[in-house]
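So this block is final15.txt, compact mmCIF, C-alpha atoms:
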```txt
# COMPACT_ATOMS: atom_id res chain seq x y z
CA MET V 1 23.07 7.25 49.17
CA ALA V 2 19.40 7.50 48.49
CA ARG V 3 17.97 4.05 47.94
CA VAL V 4 14.98 4.04 45.64
CA ARG V 5 12.55 1.70 47.30
CA ALA V 6 10.29 -0.56 45.30
CA LYS V 7 7.13 1.15 46.42
CA ASP V 8 8.44 4.50 45.26
CA ARG V 9 8.71 3.33 41.71
CA LEU V 10 5.56 3.90 39.70
CA LYS V 11 6.37 1.61 36.90
CA ASN V 12 3.83 0.01 34.67
CA GLU V 13 4.66 -3.67 35.05
CA VAL V 14 2.10 -5.17 32.70
CA ASN V 15 3.10 -5.16 29.06
CA ALA V 16 -0.01 -4.10 27.19
CA GLY V 17 1.29 -5.19 23.80
CA SER V 18 0.42 -8.84 24.23
CA MET V 19 -3.14 -7.99 25.29
CA ALA V 20 -3.59 -6.26 21.97
CA ASP V 21 -2.29 -9.37 20.18
CA ILE V 22 -4.86 -11.57 21.92
CA ALA V 23 -7.59 -9.13 21.02
CA PHE V 24 -6.48 -9.03 17.37
CA LEU V 25 -6.58 -12.82 17.22
CA LEU V 26 -10.12 -12.95 18.54
CA LEU V 27 -11.19 -10.19 16.18
CA ILE V 28 -9.77 -11.96 13.14
CA PHE V 29 -11.50 -15.15 14.22
CA PHE V 30 -14.86 -13.42 14.37
CA LEU V 31 -14.32 -11.60 11.09
CA VAL V 32 -13.67 -14.87 9.33
CA THR V 33 -16.41 -17.04 10.79
CA THR V 34 -19.39 -14.73 10.93
CA THR V 35 -21.47 -12.73 8.51
CA ILE V 36 -23.81 -9.80 8.89
CA LEU V 37 -27.00 -11.65 8.16
CA GLU V 38 -29.55 -9.92 6.00
CA ASP V 39 -33.00 -11.21 6.78
CA SER V 40 -35.36 -8.94 4.95
CA GLY V 41 -37.00 -9.24 1.58
CA ILE V 42 -40.22 -9.06 -0.35
CA LEU V 43 -42.78 -11.32 1.29
CA VAL V 44 -44.88 -13.23 -1.21
CA LYS V 45 -47.64 -15.79 -0.94
CA LEU V 46 -47.43 -18.21 -3.84
CA PRO V 47 -50.67 -19.56 -5.25
CA GLU V 48 -51.43 -23.11 -4.22
CA TRP V 49 -50.62 -25.81 -6.65
CA SER V 50 -53.43 -27.38 -8.58
CA GLU V 51 -53.16 -30.03 -11.23
CA GLU V 52 -55.71 -28.48 -13.57
CA PRO V 53 -54.31 -25.86 -15.91
CA PRO V 54 -55.45 -22.32 -15.14
CA GLU V 55 -58.29 -20.92 -17.20
CA ASP V 56 -57.29 -18.92 -20.20
CA VAL V 57 -57.69 -15.22 -19.58
CA GLN V 58 -57.98 -12.64 -22.29
CA LEU V 59 -54.81 -10.67 -21.88
CA ASN V 60 -56.19 -7.29 -22.74
CA SER V 61 -59.67 -7.15 -21.37
CA ARG V 62 -60.43 -4.06 -19.37
CA ASN V 63 -59.64 -5.41 -15.92
CA ILE V 64 -56.37 -7.10 -16.79
CA TYR V 65 -53.09 -5.20 -16.52
CA SER V 66 -50.62 -7.34 -18.37
CA VAL V 67 -46.93 -6.92 -17.63
CA LEU V 68 -44.48 -8.87 -19.75
CA VAL V 69 -40.73 -9.07 -19.25
CA ASN V 70 -38.71 -10.72 -22.00
CA SER V 71 -35.30 -12.36 -21.96
CA ASN V 72 -33.73 -9.01 -22.81
CA ASN V 73 -35.16 -7.54 -19.60
CA ASP V 74 -37.42 -5.18 -21.54
CA LEU V 75 -40.80 -4.30 -20.17
CA LEU V 76 -44.02 -4.50 -22.14
CA VAL V 77 -47.09 -3.21 -20.37
CA ARG V 78 -50.48 -3.76 -22.06
CA LYS V 79 -48.68 -4.20 -25.37
CA THR V 80 -46.69 -0.93 -25.15
CA PRO V 81 -43.04 -0.71 -24.04
CA MET V 82 -42.43 1.11 -20.79
CA ALA V 83 -39.48 1.97 -18.55
CA VAL V 84 -39.45 0.42 -15.08
CA ARG V 85 -39.51 3.76 -13.31
CA GLU V 86 -42.87 4.59 -14.85
CA LEU V 87 -44.44 1.29 -13.83
CA ARG V 88 -45.45 2.25 -10.32
CA GLU V 89 -47.51 5.31 -11.25
CA ASP V 90 -49.08 3.58 -14.22
CA THR V 91 -50.14 0.60 -12.10
CA LYS V 92 -51.64 2.88 -9.47
CA LEU V 93 -53.54 4.73 -12.16
CA PHE V 94 -54.89 1.48 -13.53
CA ILE V 95 -56.08 0.18 -10.18
CA THR V 96 -57.63 3.33 -8.78
CA ASN V 97 -58.90 4.71 -12.12
CA PRO V 98 -59.90 8.05 -10.62
CA SER V 99 -61.30 9.46 -13.86
CA ASN V 100 -63.30 6.31 -14.69
CA ASP V 101 -61.40 5.79 -17.90
CA PRO V 102 -63.11 2.93 -19.78
CA THR V 103 -59.77 1.36 -20.75
CA LEU V 104 -58.69 1.05 -17.12
CA ALA V 105 -60.08 -1.11 -14.31
CA ASP V 106 -63.79 -1.24 -13.62
CA SER V 107 -63.21 -1.04 -9.91
CA PRO V 108 -60.20 -1.75 -7.72
CA LYS V 109 -61.79 -5.00 -6.57
CA GLN V 110 -61.79 -6.34 -10.10
CA ALA V 111 -58.34 -5.16 -11.11
CA ILE V 112 -55.94 -7.98 -11.87
CA VAL V 113 -52.23 -7.49 -12.50
CA SER V 114 -50.84 -10.27 -14.63
CA LEU V 115 -47.05 -10.77 -14.66
CA LYS V 116 -45.34 -12.96 -17.19
CA ASN V 117 -41.62 -13.40 -17.62
CA ASP V 118 -39.34 -15.44 -19.85
CA ARG V 119 -37.08 -18.15 -18.47
CA GLY V 120 -34.17 -16.04 -19.70
CA THR V 121 -35.19 -12.90 -17.82
CA SER V 122 -32.61 -11.93 -15.21
CA TYR V 123 -33.67 -12.20 -11.58
CA ASN V 124 -32.67 -8.59 -11.06
CA ALA V 125 -35.12 -7.37 -13.71
CA TYR V 126 -37.87 -9.59 -12.31
CA MET V 127 -37.31 -8.22 -8.80
CA GLU V 128 -37.33 -4.62 -10.02
CA VAL V 129 -40.67 -5.14 -11.76
CA TYR V 130 -42.19 -7.08 -8.87
CA ASN V 131 -40.96 -4.47 -6.42
CA GLU V 132 -42.64 -1.69 -8.41
CA LEU V 133 -45.94 -3.58 -8.60
CA ARG V 134 -45.91 -4.23 -4.84
CA ALA V 135 -44.90 -0.62 -4.20
CA ALA V 136 -47.90 0.55 -6.25
CA TYR V 137 -50.23 -1.45 -4.00
CA ASN V 138 -48.45 -0.34 -0.82
CA GLU V 139 -48.75 3.29 -1.84
CA ILE V 140 -52.45 2.87 -2.66
CA TRP V 141 -53.02 1.28 0.75
CA ASP V 142 -51.13 4.08 2.46
CA GLU V 143 -53.17 6.72 0.66
CA GLN V 144 -56.42 4.94 1.52
CA ALA V 145 -55.43 4.57 5.15
CA GLN V 146 -54.68 8.29 5.28
CA ILE V 147 -58.06 9.14 3.77
CA ARG V 148 -60.05 6.81 5.99
CA TYR V 149 -58.19 6.85 9.28
CA GLY V 150 -55.70 9.66 9.04
CA LYS V 151 -52.66 7.47 9.58
CA ASN V 152 -50.27 5.32 7.60
CA TYR V 153 -51.24 1.80 6.61
CA ASP V 154 -48.63 0.30 8.93
CA ASP V 155 -50.02 2.22 11.89
CA CYS V 156 -53.55 0.95 11.41
CA THR V 157 -55.08 -1.88 13.39
CA LYS V 158 -55.43 -5.29 11.78
CA ALA V 159 -59.12 -4.74 11.20
CA GLU V 160 -58.56 -1.38 9.54
CA GLN V 161 -55.82 -2.85 7.37
CA LYS V 162 -58.13 -5.67 6.33
CA GLY V 163 -60.78 -3.11 5.41
CA VAL V 164 -58.38 -1.32 3.09
CA ARG V 165 -57.09 -4.58 1.62
CA ASP V 166 -60.58 -5.86 0.93
CA ASP V 167 -61.39 -2.83 -1.16
CA PHE V 168 -58.04 -2.88 -2.95
CA PRO V 169 -57.09 -6.54 -3.06
CA LEU V 170 -53.54 -7.48 -3.99
CA VAL V 171 -53.89 -9.62 -7.08
CA ILE V 172 -50.62 -10.18 -8.91
CA SER V 173 -51.11 -13.28 -10.98
CA GLU V 174 -47.97 -14.91 -12.37
CA ALA V 175 -48.37 -16.76 -15.61
CA GLU V 176 -46.37 -19.70 -16.93
CA SER V 177 -43.01 -18.44 -18.24
CA THR V 178 -42.27 -18.34 -21.93
CA ASN V 179 -39.09 -20.00 -23.05
CA PHE V 180 -37.44 -17.98 -25.77
CA GLY V 181 -34.12 -17.14 -24.23
CA GLU V 182 -33.11 -19.47 -21.44
CA GLU V 183 -29.41 -20.02 -21.00
CA SER V 184 -28.31 -23.64 -21.14
CA MET F 185 18.28 13.04 46.34
CA SER F 186 17.89 12.32 42.71
CA LYS F 187 14.54 10.69 41.99
CA PHE F 188 14.22 12.65 38.81
CA LYS F 189 16.80 12.54 36.11
CA PRO F 190 17.91 15.91 34.89
CA GLY F 191 16.71 16.84 31.44
CA GLY F 192 13.35 15.13 31.59
CA LYS F 193 12.38 11.51 30.93
CA LYS F 194 14.26 10.41 27.86
CA ASP F 195 14.16 6.64 28.30
CA GLU F 196 10.54 5.95 29.17
CA PRO F 197 7.81 5.95 26.50
CA GLU F 198 5.56 8.98 26.39
CA VAL F 199 2.42 7.25 25.17
CA SER F 200 0.82 4.64 27.33
CA THR F 201 -0.13 1.65 25.21
CA ALA F 202 -2.50 0.26 27.83
CA SER F 203 -5.51 1.71 26.00
CA LEU F 204 -4.71 0.04 22.67
CA PRO F 205 -6.31 -3.31 23.53
CA ASP F 206 -9.38 -1.47 24.76
CA ILE F 207 -9.94 -0.06 21.30
CA ILE F 208 -9.56 -3.52 19.82
CA PHE F 209 -11.95 -4.99 22.37
CA MET F 210 -14.53 -2.38 21.40
CA LEU F 211 -14.27 -3.43 17.75
CA LEU F 212 -14.47 -7.04 18.82
CA PHE F 213 -17.63 -6.53 20.85
CA PHE F 214 -19.18 -4.69 17.94
CA PHE F 215 -18.55 -7.67 15.66
CA MET F 216 -19.75 -10.14 18.26
CA VAL F 217 -23.03 -8.34 18.62
CA VAL F 218 -23.77 -7.45 15.02
CA THR F 219 -22.83 -10.63 13.24
CA VAL F 220 -24.12 -14.18 13.24
CA MET F 221 -22.16 -17.37 13.00
CA ARG F 222 -22.29 -18.30 9.34
CA GLU F 223 -24.35 -21.47 9.13
CA SER F 224 -22.78 -23.03 6.12
CA GLU F 225 -20.16 -22.03 3.63
CA LEU F 226 -21.66 -20.80 0.40
CA LYS F 227 -20.33 -22.73 -2.55
CA ILE F 228 -22.19 -20.42 -4.89
CA LYS F 229 -21.96 -16.70 -5.37
CA VAL F 230 -25.09 -14.94 -4.20
CA LYS F 231 -25.47 -11.19 -4.53
CA THR F 232 -29.08 -10.34 -3.77
CA PRO F 233 -30.82 -7.55 -5.71
CA GLN F 234 -32.08 -4.31 -4.22
CA ALA F 235 -35.70 -3.54 -3.43
CA THR F 236 -37.79 -1.12 -1.45
CA GLU F 237 -40.82 -3.12 -0.32
CA LEU F 238 -39.01 -5.10 2.34
CA THR F 239 -40.35 -6.95 5.38
CA LYS F 240 -38.09 -8.30 8.10
CA LEU F 241 -38.19 -11.99 8.87
CA GLN F 242 -39.08 -12.29 12.52
CA GLU F 243 -38.48 -15.78 13.83
CA LYS F 244 -35.20 -17.24 12.62
CA SER F 245 -36.20 -20.76 13.55
CA LEU F 246 -39.25 -20.60 11.28
CA VAL F 247 -37.19 -19.77 8.21
CA ASN F 248 -35.41 -22.13 5.85
CA TYR F 249 -32.99 -20.83 3.24
CA ILE F 250 -32.61 -21.77 -0.40
CA HIS F 251 -29.60 -20.22 -2.15
CA ILE F 252 -29.45 -20.01 -5.93
CA GLY F 253 -26.40 -18.78 -7.79
CA ARG F 254 -23.41 -19.69 -9.89
CA PRO F 255 -20.61 -21.74 -8.27
CA THR F 256 -17.60 -19.82 -6.92
CA LYS F 257 -14.21 -20.09 -8.63
CA ASN F 258 -13.00 -23.01 -6.48
CA TYR F 259 -16.07 -25.08 -7.24
CA GLN F 260 -16.39 -24.27 -10.89
CA GLU F 261 -14.53 -27.31 -12.24
CA GLN F 262 -16.68 -29.50 -10.08
CA TYR F 263 -20.08 -27.98 -10.76
CA GLY F 264 -19.79 -25.91 -13.91
CA THR F 265 -20.88 -22.30 -14.37
CA SER F 266 -24.64 -22.50 -14.79
CA PRO F 267 -26.80 -21.53 -11.79
CA LYS F 268 -27.12 -24.12 -9.02
CA ILE F 269 -29.22 -24.57 -5.90
CA GLN F 270 -27.63 -24.85 -2.47
CA LEU F 271 -29.70 -26.32 0.37
CA GLY F 272 -27.90 -26.26 3.71
CA ASP F 273 -24.27 -26.85 3.00
CA LYS F 274 -24.29 -28.82 -0.23
CA ILE F 275 -25.22 -28.14 -3.80
CA SER F 276 -28.47 -29.95 -4.52
CA ASP F 277 -30.97 -30.65 -7.20
CA ILE F 278 -34.54 -29.42 -7.53
CA GLU F 279 -35.81 -32.84 -6.50
CA ASP F 280 -34.08 -32.52 -3.11
CA ILE F 281 -36.25 -29.57 -2.12
CA PRO F 282 -39.30 -31.46 -0.72
CA LEU F 283 -37.05 -33.52 1.57
CA PHE F 284 -35.22 -30.40 2.70
CA LEU F 285 -38.53 -28.72 3.53
CA GLU F 286 -39.74 -31.78 5.44
CA ASN F 287 -36.55 -31.93 7.50
CA HIS F 288 -36.88 -28.33 8.49
CA LYS F 289 -40.58 -28.75 9.22
CA ALA F 290 -39.79 -31.57 11.63
CA SER F 291 -37.78 -29.20 13.80
CA VAL F 292 -40.70 -26.80 14.18
CA PRO F 293 -43.59 -27.46 16.61
CA GLU F 294 -46.77 -28.41 14.81
CA LYS F 295 -48.79 -25.39 15.89
CA LEU F 296 -46.30 -23.03 14.27
CA GLN F 297 -45.71 -24.98 11.10
CA PHE F 298 -48.04 -22.81 9.06
CA LYS F 299 -45.77 -19.86 9.78
CA ILE F 300 -42.76 -21.39 8.09
CA THR F 301 -41.30 -19.10 5.43
CA THR F 302 -38.78 -20.03 2.79
CA SER F 303 -36.20 -17.34 2.14
CA LEU F 304 -34.99 -17.40 -1.45
CA LYS F 305 -31.53 -15.89 -1.66
CA VAL F 306 -30.96 -15.61 -5.38
CA ASP F 307 -28.07 -13.96 -7.19
CA SER F 308 -29.08 -10.98 -9.35
CA ASP F 309 -27.61 -12.43 -12.54
CA VAL F 310 -29.41 -15.74 -12.41
CA THR F 311 -32.03 -16.30 -15.10
CA MET F 312 -35.63 -16.91 -14.13
CA GLY F 313 -35.75 -20.46 -15.48
CA ILE F 314 -34.29 -22.11 -12.38
CA VAL F 315 -36.15 -19.76 -10.04
CA THR F 316 -39.47 -20.60 -11.67
CA ASP F 317 -38.72 -24.31 -11.28
CA VAL F 318 -37.90 -23.85 -7.60
CA LYS F 319 -41.10 -21.87 -7.02
CA GLU F 320 -43.13 -24.57 -8.74
CA LYS F 321 -41.53 -27.21 -6.52
CA LEU F 322 -42.31 -25.14 -3.44
CA ARG F 323 -45.95 -24.82 -4.50
CA LYS F 324 -46.19 -28.55 -5.09
CA SER F 325 -44.78 -29.19 -1.61
CA GLY F 326 -47.32 -26.87 -0.05
CA GLN F 327 -44.79 -24.21 0.93
CA VAL F 328 -46.49 -20.98 -0.15
CA LYS F 329 -44.92 -18.40 2.17
CA VAL F 330 -41.84 -17.22 0.34
CA ASN F 331 -39.52 -14.30 0.90
CA TYR F 332 -37.39 -12.93 -1.91
CA SER F 333 -34.28 -11.84 -0.06
CA ALA F 334 -33.13 -8.36 -1.04
CA LYS F 335 -31.15 -5.40 0.19
CA LYS F 336 -32.63 -1.99 0.76
CA ARG F 337 -32.38 0.15 -2.34
CA THR F 338 -30.83 3.54 -1.73
CA GLU F 339 -30.85 5.22 -5.15
CA ASP F 340 -33.85 5.81 -7.38
CA LEU F 341 -34.50 3.69 -10.44
```
Let me see the structure of the file written as structure tokens.
Amino acid sequence: MARVRAKDRLKNEVNAGSMADIAFLLLIFFLVTTTILEDSGILVKLPEWSEEPPEDVQLNSRNIYSVLVNSNNDLLVRKTPMAVRELREDTKLFITNPSNDPTLADSPKQAIVSLKNDRGTSYNAYMEVYNELRAAYNEIWDEQAQIRYGKNYDDCTKAEQKGVRDDFPLVISEAESTNFGEES
Amino acid sequence: MSKFKPGGKKDEPEVSTASLPDIIFMLLFFFMVVTVMRESELKIKVKTPQATELTKLQEKSLVNYIHIGRPTKNYQEQYGTSPKIQLGDKISDIEDIPLFLENHKASVPEKLQFKITTSLKVDSDVTMGIVTDVKEKLRKSGQVKVNYSAKKRTEDL
């Protein structure tokens, strides 16, 4: 009789099924208690608070680019309605004013973008508009950096970036909100 | 000598299941690396809008978070449906913001305090009224570095 000895048997002793159960438990624990954190956004420097009311500015003088968003999320730029996707190009045109149009900014250093929203405007609409205004400036800075230094704005040194920013300063002034359509 | 049964192995399983837990462990490691322990449970629904001009927040310890949104279903009888502010793990009022900022500031060394940024995680459907009030409170408290939290936009406007 041939006895099959223990060492001749190649049997897989460990049951792998329970290892998978342990792993599933740990996985479910992590799925429930953690989140994929998003930590990016539009960086903004708010103006400092001062008790005196801001000086009244004429909304349509040559150097002011007024952007109004109402509680219906409609856009009114310099008293004419506009779609959000046209805002970026129009803002860039205003700031750079390549053809020296007398209705647009005197010079980029004097250009002021004034943003006013209603308390009933949705945050989504506000962000879309703000994003387009910032994008206009970022594109202008990129183009300037290309002209002056042959590289993108982000690849320039701090001093070079400051040079570009000084000639095309980011001025987005936010006015006191109107209150026609706030939800209660 | 009959080590091998005639007719092939009929009783033993063909597929080795030893590699199954390995696959699960791989998924597990992925989640362990990519995710962060959620700091506090959100009592309000916050779905941030999309944007393209994004900057990443570098130092987590220099960031405090203000969530603004409408309360989730479970908390709606308690807090109503209009937008609320959540600081840390409880729903708070606008007046609680200066204290919240001070508490966070205390945990940051003095030399780095000017770098503190406030990340505003606001739901897309919230109206600007409450956001404007929060921004005004932040300005009054001297907190001017603000980050509007947003996701990267993939489609065109």
For Lys324 (chain F), the closest of F:Glu243, F:Glu279, F:Asp273, F:Glu225 counting only C-alpha atoms is F:Glu279
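Checking F:Leu241, F:Phe214, F:Val292, F:Ile207 one by one against chain V, counting all atoms listed in the file, you find the shortest gap at F:Leu241.
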Return as a tab-separated table the residues of chain V lying at most 6 Å from chain F, together with the closest atom-to-atom pair for each and the distance in Å to one decimal, counting all atoms listed in the file, with rows in chain order and ascending residue number.
```
residue	atom	partner	partner_atom	distance
V:Ala16	CA	F:Ala202	CA	5.1
V:Met19	CA	F:Pro205	CA	5.9
V:Ala20	CA	F:Pro205	CA	4.3
V:Leu27	CA	F:Leu212	CA	5.3
V:Thr34	CA	F:Met221	CA	4.4
V:Thr35	CA	F:Thr219	CA	5.4
V:Ile36	CA	F:Thr219	CA	4.5
V:Asp39	CA	F:Leu241	CA	5.6
V:Ser40	CA	F:Lys240	CA	4.2
V:Gly41	CA	F:Ser333	CA	4.1
V:Ile42	CA	F:Leu238	CA	4.9
V:Leu43	CA	F:Asn331	CA	4.4
V:Val44	CA	F:Val330	CA	5.3
V:Lys45	CA	F:Lys329	CA	4.9
V:Leu46	CA	F:Val328	CA	4.7
V:Glu48	CA	F:Arg323	CA	5.7
V:Trp49	CA	F:Arg323	CA	5.2
V:Arg85	CA	F:Leu341	CA	5.8
V:Arg119	CA	F:Gly313	CA	4.0
V:Gly120	CA	F:Thr311	CA	5.1
V:Thr121	CA	F:Thr311	CA	5.4
V:Ser122	CA	F:Thr311	CA	4.4
V:Tyr123	CA	F:Ser308	CA	5.2
V:Asn124	CA	F:Ser308	CA	4.6
```
Tell me, as JSON, numbers by chain, which residues lie within 9 Å of Asn70 (chain V), counting only C-alpha atoms; anything in the same chain fewer than 5 positions away does not count. {"V": [75, 76, 116, 117, 118, 119, 120, 121, 178, 180, 181]}
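Counting all atoms listed in the file, the residue from F:Ala290, F:Lys229, F:Leu283, F:Lys274 that sits nearest to Gln260 (chain F) is F:Lys229.
Taking CA of Val67 (chain V) as the reference point, CA of Ile140 (chain V) is found at 18.7 Å.
CA of Glu51 (chain V) sits 19.0 Å away from CA of Ile278 (chain F).
What separates CA of Asn131 (chain V) from CA of Val77 (chain V) is a distance of 15.3 Å.
Proximity to Gly253 (chain F) was assessed for F:Gln297, F:Lys231, F:Leu271, F:Asn287 counting all atoms listed in the file; the smallest distance is recorded for F:Lys231.
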Around the point (-52.1, -9.4, -6.0) in the file's coordinates, collect all residues with an atom within 10 Å, using all atoms listed in the file, and return them as a PDB file with C-alpha atoms, keeping the file's coordinate frame.
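Okay, this is what ended up in part20.pdb:
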```pdb
ATOM      1  CA  VAL V  44     -44.880 -13.230  -1.210  1.00  0.00           C
ATOM      2  CA  LYS V  45     -47.640 -15.790  -0.940  1.00  0.00           C
ATOM      3  CA  ALA V 111     -58.340  -5.160 -11.110  1.00  0.00           C
ATOM      4  CA  ILE V 112     -55.940  -7.980 -11.870  1.00  0.00           C
ATOM      5  CA  VAL V 113     -52.230  -7.490 -12.500  1.00  0.00           C
ATOM      6  CA  SER V 114     -50.840 -10.270 -14.630  1.00  0.00           C
ATOM      7  CA  LEU V 133     -45.940  -3.580  -8.600  1.00  0.00           C
ATOM      8  CA  ARG V 134     -45.910  -4.230  -4.840  1.00  0.00           C
ATOM      9  CA  TYR V 137     -50.230  -1.450  -4.000  1.00  0.00           C
ATOM     10  CA  PHE V 168     -58.040  -2.880  -2.950  1.00  0.00           C
ATOM     11  CA  PRO V 169     -57.090  -6.540  -3.060  1.00  0.00           C
ATOM     12  CA  LEU V 170     -53.540  -7.480  -3.990  1.00  0.00           C
ATOM     13  CA  VAL V 171     -53.890  -9.620  -7.080  1.00  0.00           C
ATOM     14  CA  ILE V 172     -50.620 -10.180  -8.910  1.00  0.00           C
ATOM     15  CA  SER V 173     -51.110 -13.280 -10.980  1.00  0.00           C
ATOM     16  CA  GLU V 174     -47.970 -14.910 -12.370  1.00  0.00           C
TER      17      GLU V 174
END
```
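The nearest approach to Tyr130 (chain V) among the residues V:Asn15, V:Thr103, V:Thr91, V:Gln110, with only C-alpha atoms taken into account, belongs to V:Thr91.
With all atoms listed in the file as the atoms that count, the minimum distance from Asn248 (chain F) to the choices F:Gly264, F:Ile281, F:Ile300, F:Ser291 is reached by F:Ile300.
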